[in-house]
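Encoded as structure tokens, the structure appears first; notes follow it.
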Amino acid sequence: MNGTAGTAPATAGLAGRIKPGVTNQGVATAYAAGDGNGSCLYGPSDDLMIAAMNHTDYESAKACGAYVSVRAASGAAITVRIVNECPAPCAPGQLDLSRQAFAKLADLSVGRLPISWTLLSPDTAGTVSIRYKSGSSKWWCGIQALGHRNPLAALEVRGPGGWQQLPRTDYNYFLSTDGTGCGGAIRITDIYGQQLTVDGIPVQPDVAQPTGLQFARH
């Protein structure tokens with residue numbers, strides 16, 4: 001396996017609704033996070049400092065993997081990672097925090113807590129991994145990136161005509177419905193325009209394959 005890092009030539013509009021440097025206002029609620037899995041389908045997590053993003057800001061899984069700093073009026077602050085979606089009636093700006101995370105801001109009995117939150121590019125350890133969805137083959141595949149420091153804007157595969165951007169599902173996999181690029185080179189772009197390109201990742205469904213690469217902090 002080999003990989004490279006670079007920067008996309010044009011970065012306008014990559015951030016979507018959740019933009020760097022913008023403070024969002026909303027309310028925090030709490031949910032039972034269980035083993036930490038959620039709509040982003042990352043799987044169980046040992047770290048339950050996690051949250052579900054409201055449907056509007058979830059933006060068809062674009063918020064998946066984002067780290068956000070959450071602050072209450074008391075001054076208490078936490079950092080959580082988005083691993084889930086909070087469906088309606090969750091309002092724009094609302095975060096449904098794991099009970100473990102909410103408890104660091106206020107007593108669970110509060111129920112609804114006014115908050116502000118901002119996107120982070122954290123000093124996190126580890127590198128990006130790539131995982132193919134169960135049922136993937138050289139004729140059809142779903143591709144997921146895990147462990148990325150910054151939210152993803154795009155995932156591309158290299159086909160006969162060059163790089164082809166794959167559509168992203170609400171469950172956080174990028175689909176190649178005709179098999180183009182399955183098992184070949186993959187390029188992911190974060191919302192800052194940084195690109196990581198990796199080759200040599202075979203189609204092994206349900207296996208997280210480390211790339212050795214990570215996006216830089218912003």
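For the structure tokens, the naming scheme is as follows: chains receive sequential letters (A, B, ...) according to their order of presentation, residues are indexed from 1 within each chain, and ligands are indexed from 1 in presentation order.
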
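Every residue of region 73-203 of chain A with a DSSP assignment of alpha helix (DSSP H), taken from the backbone, is listed as Arg99, Gln100, Ala101 and Phe102 of chain A.
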
- Please identify all polymer residues within 10 Å of region 118-123 of chain A, counting only C-alpha atoms, omitting same-chain residues fewer than 5 positions from it, and present them as a ChimeraX atom specification. /A:18-25,66-71,79-81,148-151,215-218

- Pick out the residues sitting within 8 Å of His55 (chain A), and hand them over as a ChimeraX atom specification; count only C-alpha atoms, and ignore anything fewer than 4 positions along from it in its own chain. /A:59-60,85-88,90-92

Region 143-175 of chain A near region 198-207 of chain A within 10 Å: what's each residue's closest atom pair and its distance in Å to one decimal, counting only C-alpha atoms, ordered by chain then ascending residue number, as a Markdown table?
| residue | atom | partner | partner_atom | distance |
| --- | --- | --- | --- | --- |
| A:Ile143 | CA | A:Pro205 | CA | 9.3 |
| A:Gln144 | CA | A:Asp206 | CA | 9.9 |
| A:Val157 | CA | A:Asp199 | CA | 9.9 |
| A:Arg158 | CA | A:Asp199 | CA | 9.8 |

- Task: Could you tell me, as number ranges by chain, which residues of region 81-189 of chain A DSSP assigns to strand (DSSP E) when given the backbone?
- Result: A: 81-86, 95-98, 113-120, 129-132, 141-146, 152-159, 162-165, 174-176, 186-189

Contacts of Tyr58 (chain A) at 9 Å (only C-alpha atoms; same-chain gap of 5+ positions) as a PDB file with N, CA and C atoms, in the first residue's frame:
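What landed in part.pdb:
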ATOM      1  N   ARG A  17     -22.711  22.913   5.438  1.00  0.00           N
ATOM      2  CA  ARG A  17     -23.373  23.712   6.474  1.00  0.00           C
ATOM      3  C   ARG A  17     -22.459  23.978   7.663  1.00  0.00           C
ATOM      4  N   ILE A  18     -21.629  23.003   8.022  1.00  0.00           N
ATOM      5  CA  ILE A  18     -20.764  23.162   9.194  1.00  0.00           C
ATOM      6  C   ILE A  18     -19.448  23.784   8.735  1.00  0.00           C
ATOM      7  N   ALA A  52     -24.918  13.015  18.403  1.00  0.00           N
ATOM      8  CA  ALA A  52     -25.714  12.913  17.185  1.00  0.00           C
ATOM      9  C   ALA A  52     -26.023  14.324  16.699  1.00  0.00           C
ATOM     10  N   MET A  53     -25.780  14.574  15.424  1.00  0.00           N
ATOM     11  CA  MET A  53     -26.047  15.880  14.824  1.00  0.00           C
ATOM     12  C   MET A  53     -27.484  15.928  14.318  1.00  0.00           C
ATOM     13  N   ALA A  63     -21.588  15.478   8.168  1.00  0.00           N
ATOM     14  CA  ALA A  63     -21.079  15.808   9.505  1.00  0.00           C
ATOM     15  C   ALA A  63     -20.362  14.644  10.168  1.00  0.00           C
ATOM     16  N   CYS A  64     -20.460  13.457   9.597  1.00  0.00           N
ATOM     17  CA  CYS A  64     -19.880  12.275  10.234  1.00  0.00           C
ATOM     18  C   CYS A  64     -18.376  12.439  10.459  1.00  0.00           C
ATOM     19  N   ILE A  82     -18.899  13.513  16.089  1.00  0.00           N
ATOM     20  CA  ILE A  82     -20.217  13.205  15.539  1.00  0.00           C
ATOM     21  C   ILE A  82     -20.205  11.791  14.941  1.00  0.00           C
ATOM     22  N   ASN A  84     -23.519  10.052  14.849  1.00  0.00           N
ATOM     23  CA  ASN A  84     -24.922   9.682  14.737  1.00  0.00           C
ATOM     24  C   ASN A  84     -25.734  10.851  14.198  1.00  0.00           C
ATOM     25  N   GLU A  85     -26.967  10.562  13.797  1.00  0.00           N
ATOM     26  CA  GLU A  85     -27.910  11.574  13.338  1.00  0.00           C
ATOM     27  C   GLU A  85     -29.057  11.663  14.320  1.00  0.00           C
ATOM     28  N   CYS A  86     -29.483  12.875  14.626  1.00  0.00           N
ATOM     29  CA  CYS A  86     -30.656  13.102  15.463  1.00  0.00           C
ATOM     30  C   CYS A  86     -31.790  13.539  14.541  1.00  0.00           C
ATOM     31  N   ASP A 170     -26.648   8.391   3.283  1.00  0.00           N
ATOM     32  CA  ASP A 170     -26.963   8.870   4.623  1.00  0.00           C
ATOM     33  C   ASP A 170     -26.300   8.024   5.700  1.00  0.00           C
TER      34      ASP A 170
END
